[in-house]
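K.L.:
Okay, handing you the structure first.
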Amino acid sequence: MRIATFNCNSIRSRLDAVLRWLADNSPDILCLQETKVQDAEFPADAFRLAGWQIAFRGEKSYNGVAIVSRRKADEVSFGLDSEPADAPRLVHARFGKLHVVNTYVPQGREIEHAMYAYKLAWFARLKTYFQKRFTTATPLLWCGDLNVARHPIDVSNPETKTHHVCYHQAVRDAFEDILAFGFTDLFRRHNPDLVDYSFYDYRAPFNPDQKRGWRIDYVLATPPLASKSAAAAIDLAPRTRPKPSDHCPLYADIKE
DNA sequence: ATGGTCGGCAACCGA
């Protein structure tokens, strides 16, 4: 089976790009982030007409997550179950024994901003969420825009990014603390030395060789699935199409 | 070099 994740930066604006990516890549499950639309205005019919099931939760202008799937989920839930109430940043779906958690982690704005403390707390809350529901024996995939680069190889010019909210030591530590639950970073497992990014800031447009970016989107798997993982890659194609995206789809192939 | 461009939405916020 193929599982993928894509921060689409507005599902209405990127609808054609997403449907084309689905048709071209035929994933079983695609996790979307930053759909940026209220549920009543979500273009669900376009997915259903193309043969896809979809579960979504969003709000006006910001955030929003969705899970597109060939098969209908047996169970869907939304959000962290702890206080304070959170923006629509998490959707969980179960397909038989397989659990998928799709998150859009708070970006954090600035190290000194309250949103960065919120981001660090969000990671801690997510760890509790996983610990309460799952064990390392659960076939579980954690996907999404996690707004953190793990290692120097995962960001261009890392020495200049140590005070950035997506590479600061505290957020990297918070991420590793959740990975220690038992997650394997499938892209890095299959491409141990490959410099490939999943995000390219629109504000750095003179980037023809894709040399300035970040690997902040992930497919993470617990041992029962990591052991069956066969390949993982970032697809740069949507960056060279008529409506280029800042994030790139990332997918992993797992043997049945 | 400390900028730059998007998307939503209708002024600027967020990334």
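Simple scheme: letters A, B, ... for chains in structure tokens order, numbers from 1 for residues in each chain, numbers from 1 for ligands in the order shown.
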Select residues of chain B: the criterion is any atom within 7 Å of an atom of chain A, counting only C-alpha atoms (C1' of nucleotides); output as a PyMOL selection string.
P.N.:
chain B and resi 4-8
K.L.:
Just want the 12 Å neighbourhood of Ala23 of chain A, counted on only C-alpha atoms (C1' of nucleotides), with same-chain residues fewer than 6 positions away dropped. Output as number ranges by chain.
P.N.:
A: 16-17, 30, 47, 50-52, 70
K.L.:
List every residue of segment 32-205 of chain A that DSSP, applied to the backbone of this structure, places in strand (DSSP E), and write the result as a ChimeraX atom specification.
P.N.:
/A:32-33,53-57,65-69,75-78,90-95,98-104,140-145,184-185
K.L.:
What does the file look like for those residues with C-alpha atoms, as an mmCIF file, in the first residue's frame?
P.N.:
```
data_model
loop_
_atom_site.group_PDB
_atom_site.id
_atom_site.type_symbol
_atom_site.label_atom_id
_atom_site.label_comp_id
_atom_site.auth_asym_id
_atom_site.auth_seq_id
_atom_site.Cartn_x
_atom_site.Cartn_y
_atom_site.Cartn_z
ATOM 1 C CA LEU A 32 -3.672 16.730 3.453
ATOM 2 C CA GLN A 33 -2.834 19.767 5.586
ATOM 3 C CA GLN A 53 -13.397 8.785 0.138
ATOM 4 C CA ILE A 54 -12.552 11.783 2.258
ATOM 5 C CA ALA A 55 -12.701 12.838 5.893
ATOM 6 C CA PHE A 56 -11.980 16.464 6.756
ATOM 7 C CA ARG A 57 -12.145 19.137 9.414
ATOM 8 C CA VAL A 65 -6.706 18.625 7.680
ATOM 9 C CA ALA A 66 -8.150 15.813 5.579
ATOM 10 C CA ILE A 67 -7.567 12.147 4.809
ATOM 11 C CA VAL A 68 -8.299 10.971 1.270
ATOM 12 C CA SER A 69 -8.568 7.221 0.806
ATOM 13 C CA GLU A 75 -13.587 5.158 12.154
ATOM 14 C CA VAL A 76 -12.614 8.838 12.094
ATOM 15 C CA SER A 77 -11.896 11.276 14.922
ATOM 16 C CA PHE A 78 -10.550 14.783 15.147
ATOM 17 C CA LEU A 90 -5.323 16.554 13.688
ATOM 18 C CA VAL A 91 -7.410 13.847 12.064
ATOM 19 C CA HIS A 92 -7.246 10.170 12.920
ATOM 20 C CA ALA A 93 -8.663 7.398 10.722
ATOM 21 C CA ARG A 94 -8.725 3.644 11.149
ATOM 22 C CA PHE A 95 -8.783 1.255 8.196
ATOM 23 C CA LEU A 98 -4.297 0.239 10.366
ATOM 24 C CA HIS A 99 -4.370 3.593 12.181
ATOM 25 C CA VAL A 100 -3.427 6.848 10.464
ATOM 26 C CA VAL A 101 -2.862 10.103 12.364
ATOM 27 C CA ASN A 102 -2.481 13.169 10.177
ATOM 28 C CA THR A 103 -1.228 16.358 11.852
ATOM 29 C CA TYR A 104 -0.538 19.950 10.921
ATOM 30 C CA LEU A 140 0.243 3.139 13.086
ATOM 31 C CA LEU A 141 1.302 5.791 10.585
ATOM 32 C CA TRP A 142 1.890 9.373 11.725
ATOM 33 C CA CYS A 143 1.920 11.685 8.725
ATOM 34 C CA GLY A 144 1.870 15.368 8.102
ATOM 35 C CA ASP A 145 3.479 18.769 8.059
ATOM 36 C CA THR A 184 10.650 5.202 12.063
ATOM 37 C CA ASP A 185 11.156 8.115 9.655
#
```
K.L.:
Rounded to one decimal place, report the atom CA of Ala180 of chain A-atom CA of Cys8 of chain A distance in Å.
P.N.:
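Between atom CA of Ala180 of chain A and atom CA of Cys8 of chain A the gap is 28.3 Å.
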K.L.:
Write out as an NGL selection string the set of residues from segment 159-233 of chain A that DSSP, computed on the backbone, places in helix (DSSP H, G or I).
P.N.:
:A and (159-160 or 169-179 or 186-190 or 223-226)
K.L.:
Atom CA of Phe187 of chain A to atom CA of Thr5 of chain A: how many Å, to one decimal?
P.N.:
11.8 Å
K.L.:
Determine the nearest neighbour of Met115 of chain A from the options A:Arg71, A:Gln131, A:Val165, A:Phe183, counting only C-alpha atoms.
P.N.:
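Looking at the shortest contact to Met115 of chain A, the residue is A:Val165.
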K.L.:
Within 9 Å of Glu59 of chain A, counting only C-alpha atoms (C1' of nucleotides), which residues show up once you throw out same-chain ones fewer than 6 positions away? Write them as a list in words, please.
P.N.:
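Contacts, in chain order: Thr35, Lys36, Val37, Gln38, Asp39, Ala87 and Pro88 of chain A.
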K.L.:
Please report the interatomic distance between atom CA of Cys248 of chain A and atom CA of Asp74 of chain A in Å with one decimal.
P.N.:
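One can read the atom CA of Cys248 of chain A to atom CA of Asp74 of chain A distance as 28.1 Å.
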